[in-house]
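Student: I'd like to ask some things about the structure below.
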Protein chains: 2
Amino acid sequence: MSAVGIKQVAETAGVSVATVSNVLNRPDRVAAPTRARVLEVIERLGFVPNAAARTMVSGRTKAVALIVFDVRNPFLTDVARGCEDTMLAYDNAVMLCNSDVSPAKERRYLDLVTEQRMQGVLINPVQPTAQWLASLRSRGLRVVLLDNVADLPDVCSVAVDDVAGAEQAVTHLLGRGHDSIAFVTGPMTMRQSVDRHAGSLRAFDLAERPHDSLRVLEMAAFTVEQGRRAGERLLASARRPTAVFCANDLLALGLLQVVLRAGVSVPGDLAIVGYDDIDATEAAAVPLTSVHVGGYELGQAAAELLADEIDSDVHVHQRKVIEPKLVERASS
Amino acid sequence: MSAVGIKQVAETAGVSVATVSNVLNRPDRVAAPTRARVLEVIERLGFVPNAAARTMVSGRTKAVALIVFDVRNPFLTDVARGCEDTMLAYDNAVMLCNSDVSPAKERRYLDLVTEQRMQGVLINPVQPTAQWLASLRSRGLRVVLLDNVADLPDVCSVAVDDVAGAEQAVTHLLGRGHDSIAFVTGPMTMRQSVDRHAGSLRAFDLAERPHDSLRVLEMAAFTVEQGRRAGERLLASARRPTAVFCANDLLALGLLQVVLRAGVSVPGDLAIVGYDDIDATEAAAVPLTSVHVGGYELGQAAAELLADEIDSDVHVHQRKVIEPKLVERASS
DNA sequence: GACAGCGATTGAAACGTTTTACAAGGTTTG
DNA sequence: CAAACCTTGTAAAACGTTTCAATCGCTGTC
């Protein structure tokens, strides 16, 4: 319907298409009266430039993609908002995609990014190998790794120092006199689990305690449901720990719910510390002590990095590490 | 860098560009040996078609936008996943955008949709007036209204029968013998508030109770934070109700937290019912009775409607209404 | 009075596809 | 054996912009 193009505008205003284009892109190159006349016609005809045509000339769409595991994870939603708000300031649209931790879905979206000739991609990678990265690079893609500090060269990344975060959490518990501590986490194949485990052990080292007083419960996923399962296992076990450090708030919330209902007092009988500090921690039945990460800021930082890689021609790749900070609340 | 286009492929394979295009779009029109040779070259050169060029010819990008208030609202995240998963099956990408309930941001994204010549837009509208809709229509946009049944003609919409949902919730409370009930909601300017209020009153009518035994607390937003505020006000009030119906789960969660900490027993001293049935309700300290809406299904339905409007040329606009259903849990 | 310099405007090429109309060659049909 | 018809492939136009080089009037300057 709205087949009104730059050509029609030019005709109506009695100028050339080049002038209309200039009014849009370099208004200073055009005399004021002409500019006014053209703008009036644009308004009257309801002309909206065709981004595809623009892309054909410039070679790139003014958009980036953000690929995360799952937007239903509140932490990742925060990250997404940070990216979106920042990218919008750079006049870039953000396309949000869910990989569901599946390499196939991830690949599909990366193909889309290439087809659309987007400016770049912010990605929470499923398996960030050097080879994988090289294949993206060979397609001329600009990449920023999210929540994953790269051992890889030639790529920007933003991550959280999870080792330090976990160390703070466990040191806090040890300081309160807790002897036997459980560490509840998701799959040990994920970097998040590994790092937060390492941090816990480092806290034990610093306090000169033996590693074997840290009991590890590896669950199938970082969800509330799995947290409940962990709680049940804890309740059923012979010698119950006096404190639990959960590698993620969702796990902690599930666990909290189960133990409270079983009549265990928190933190009296059992102290709990979570990780990520999502909004819901504050709102839990017993407000949860948690390691604050700042997903929004992480998203912002990643977007800034990508924006720089897009704009600047002297861009140097950076690894940005965010220092998390323990927030003490009632649960510990 | 990757300046490899269809032309280069054609040259290398010793055929015309038209043939390469045919291999991609109508493989049956090309002889098997030729096809194989072209595909091999495409693979070897790592050719990826340029979507912008394709869009120029066809006039439309294979993508739709999904504009919601805020992805940090778990209900809307569910909707988003439903849309994304469904649209992907129709080979359409989904661009997720946050309007923050601001007409200005909404407009900005709608401009983007038009510039990009997207297939259509799924929108959780800020102020769906007839005039607003007409302005979209005049731009040739295909629109599906989300979570908003249109009093407007000529547009598809998917909504929840919030009046019925609220009626179920309040009837449930009345049935349990609760006399004085409070209705806690967000801004009364929002359709959600108005409808859920109307439903509550209808339950009173059905039970032949006077409207004035329903106390209304209008809060500034549908958030946990505001729920806490509501809880404080309730605790401070002279004659405390015996039951609360919250127009949204986030409000209910905040309220629950505050009253529990004040030593009020739930549901003994105070029964609570929420709305939306987000994941967190099940995981709350006291699992929350809530009105289940099914955001994922709502998203799916909306996406199907848009897909039909895109594909079919005999499309007729539909209003789809989802019937919510009360899920009883421990809080009431 | 010719000419350089400048601001405003323009014509036309280029971007990478899809698609239409047509050609060349081979096969069936009457 | 010619006419009609497939099958396979091609040349060229079209899509709506941006941008480069060129043109056109002017105003001063020597």
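Residues are named by chain letter and number: chains run A, B, ... in the order of the structure tokens, numbers start at 1 in each chain, and ligands are numbered from 1 in the order shown.
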Taking the DSSP secondary structure from the backbone, can you list the residues of segment 73-183 of chain A that are strand (DSSP E or B), as a short mmCIF file (atom, residue, chain, number, x, y, z; two decimals) with N, CA and C atoms, in the first residue's frame?

Tutor:
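Contents of selection_37.cif, as written:
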data_model
loop_
_atom_site.label_atom_id
_atom_site.label_comp_id
_atom_site.auth_asym_id
_atom_site.auth_seq_id
_atom_site.Cartn_x
_atom_site.Cartn_y
_atom_site.Cartn_z
N ALA A 93 19.19 -1.20 16.88
CA ALA A 93 18.14 -2.05 17.42
C ALA A 93 18.75 -3.34 17.95
N VAL A 94 18.08 -3.98 18.88
CA VAL A 94 18.57 -5.23 19.45
C VAL A 94 17.57 -6.34 19.19
N MET A 95 18.04 -7.42 18.60
CA MET A 95 17.16 -8.57 18.42
C MET A 95 17.52 -9.61 19.47
N LEU A 96 16.53 -9.95 20.30
CA LEU A 96 16.78 -10.86 21.42
C LEU A 96 16.43 -12.29 21.03
N CYS A 97 17.35 -13.22 21.26
CA CYS A 97 17.14 -14.60 20.84
C CYS A 97 17.47 -15.56 21.98
N ASN A 98 16.76 -16.68 22.03
CA ASN A 98 17.00 -17.70 23.04
C ASN A 98 17.64 -18.92 22.42
N GLY A 120 26.72 -6.80 14.61
CA GLY A 120 27.47 -7.70 15.47
C GLY A 120 26.54 -8.48 16.36
N VAL A 121 27.15 -9.24 17.26
CA VAL A 121 26.34 -10.09 18.11
C VAL A 121 26.91 -10.17 19.53
N LEU A 122 26.00 -10.05 20.48
CA LEU A 122 26.35 -10.22 21.88
C LEU A 122 25.88 -11.61 22.25
N ILE A 123 26.77 -12.46 22.69
CA ILE A 123 26.35 -13.84 22.89
C ILE A 123 26.86 -14.49 24.16
N VAL A 143 31.91 -9.94 17.44
CA VAL A 143 31.36 -10.73 18.53
C VAL A 143 31.79 -10.19 19.89
N VAL A 144 30.86 -10.17 20.83
CA VAL A 144 31.23 -9.92 22.22
C VAL A 144 30.67 -11.07 23.06
N LEU A 145 31.55 -11.69 23.81
CA LEU A 145 31.13 -12.81 24.66
C LEU A 145 30.55 -12.28 25.97
N LEU A 146 29.42 -12.84 26.35
CA LEU A 146 28.69 -12.39 27.52
C LEU A 146 28.83 -13.37 28.67
N CYS A 156 36.23 -9.58 22.34
CA CYS A 156 35.85 -8.87 23.54
C CYS A 156 34.98 -9.78 24.40
N SER A 157 35.08 -9.58 25.70
CA SER A 157 34.22 -10.36 26.56
C SER A 157 33.94 -9.62 27.86
N VAL A 158 32.80 -9.91 28.43
CA VAL A 158 32.45 -9.36 29.73
C VAL A 158 32.08 -10.52 30.62
N ALA A 159 32.66 -10.55 31.79
CA ALA A 159 32.35 -11.66 32.66
C ALA A 159 32.36 -11.21 34.10
N VAL A 160 31.95 -12.12 34.94
CA VAL A 160 31.94 -11.86 36.36
C VAL A 160 33.04 -12.71 36.98
N ILE A 181 29.47 -27.09 55.46
CA ILE A 181 28.77 -26.28 54.47
C ILE A 181 28.50 -27.12 53.23
N ALA A 182 27.30 -26.93 52.66
CA ALA A 182 27.01 -27.63 51.40
C ALA A 182 27.06 -26.63 50.26
N PHE A 183 27.53 -27.09 49.10
CA PHE A 183 27.56 -26.25 47.89
C PHE A 183 26.60 -26.88 46.89
#

Student: Give me the residues near Leu260 of chain B as a PyMOL selection string, where near means some atom within 10 Å (using only C-alpha atoms (C1' of nucleotides)) and where sequence neighbours in that chain fewer than 3 positions away do not count.

Tutor: (chain A and resi 285-286) or (chain B and resi 231+255-257+263-266+270+285-286)

Student: Against chain C, which residues of chain B fall within 12 Å? For each one I want the closest pair of atoms and the distance in Å (one decimal), counting only C-alpha atoms (C1' of nucleotides), rows by chain and increasing residue number, as CSV.

Tutor:
residue,atom,partner,partner_atom,distance
B:Ala3,CA,C:DG16,C1',10.5
B:Val4,CA,C:DG16,C1',10.1
B:Gly5,CA,C:DG16,C1',6.9
B:Ile6,CA,C:DG16,C1',7.3
B:Lys7,CA,C:DG16,C1',8.3
B:Gln8,CA,C:DG16,C1',10.9
B:Val17,CA,C:DT17,C1',9.3
B:Ala18,CA,C:DT18,C1',8.3
B:Thr19,CA,C:DT18,C1',11.1
B:Val20,CA,C:DT17,C1',10.6
B:Ser21,CA,C:DT18,C1',7.5
B:Asn22,CA,C:DT18,C1',9.2
B:Leu24,CA,C:DT18,C1',10.9
B:Asn25,CA,C:DT18,C1',9.3
B:Arg26,CA,C:DT18,C1',11.3
B:Val48,CA,C:DG16,C1',11.3
B:Pro49,CA,C:DT17,C1',8.2
B:Asn50,CA,C:DG16,C1',6.8
B:Ala51,CA,C:DT17,C1',8.4
B:Ala52,CA,C:DG16,C1',8.2
B:Ala53,CA,C:DT17,C1',4.8
B:Arg54,CA,C:DT17,C1',5.2
B:Thr55,CA,C:DT17,C1',8.5
B:Met56,CA,C:DT17,C1',7.9
B:Val57,CA,C:DT18,C1',6.1
B:Ser58,CA,C:DT18,C1',7.8
B:Gly59,CA,C:DT18,C1',11.1

Student: Mind the document's chain letters and residue numbers, and return as a list in words the residues of segment 255-300 of chain B that DSSP labels helix (DSSP H, G or I).

Tutor: Leu255, Leu256, Gln257, Val258, Val259, Leu260, Arg261, Asp279, Ala280, Thr281, Glu282, Ala283, Gly295, Tyr296, Glu297, Leu298, Gly299 and Gln300 of chain B

Student: Using only C-alpha atoms (C1' of nucleotides), which protein or nucleic acid residues come within 10 Å of Val68 of chain B? Drop anything in the same chain fewer than 3 positions from it, and give the result as a ChimeraX atom specification.

Tutor: /B:65,71,73,76-77,79-80,96-101,106,122-126,146-147

Student: Residues of chain D within 9 Å of chain B, counting only C-alpha atoms (C1' of nucleotides) - could you list those as a VMD selection string?

Tutor: chain D and resid 7 to 10 14 to 16

Student: Can you pull out the residues contacting Asp279 of chain A? Cut-off 10 Å, using only C-alpha atoms (C1' of nucleotides), and skip same-chain residues under 4 positions away; I want them as a compact mmCIF listing (two decimals) with C-alpha atoms, in the first residue's frame.

Tutor:
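Result file is result18.txt:
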# COMPACT_ATOMS: atom_id res chain seq x y z
CA PRO A 74 15.75 -13.12 35.55
CA PHE A 75 19.48 -12.55 35.56
CA ASP A 78 18.52 -7.88 33.40
CA ASP A 249 19.36 -17.69 43.41
CA ALA A 283 11.16 -10.62 48.23
CA ALA A 284 11.66 -14.16 49.48
CA ARG B 72 11.40 -8.35 33.34
CA VAL B 224 6.98 -6.75 44.17
CA GLU B 225 8.08 -3.48 45.70

Student: Between A:Ile322, A:Ala104, A:Asp311, A:Ala280, which has the minimum distance to Gly294 of chain A (counting only C-alpha atoms)?

Tutor: A:Ile322

Student: Which is closer to chain A than all the others in B:Asp195, B:Asp161, B:Glu232, B:Asp85, using only C-alpha atoms?

Tutor: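 Going through B:Asp195, B:Asp161, B:Glu232, B:Asp85 one by one, the smallest distance to chain A is for B:Asp85.
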
Student: Could you name the residues that touch Lys325 of chain A at 8 Å or less, counting only C-alpha atoms (C1' of nucleotides), but leaving out those on the same chain fewer than 3 positions away, as a list in words?

Tutor: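 Answer for this query is Gly165, Gln168, Val291, His292 and Val293 of chain A.
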
Student: Distance atom CA of Gly177 of chain A-atom CA of Leu235 of chain A, one decimal place?

Tutor: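 These two atoms are separated by 20.9 Å.
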
Student: Provide the atom CA of Arg191 of chain B to atom CA of Arg233 of chain B distance in Å, to one decimal place.

Tutor: 24.1 Å
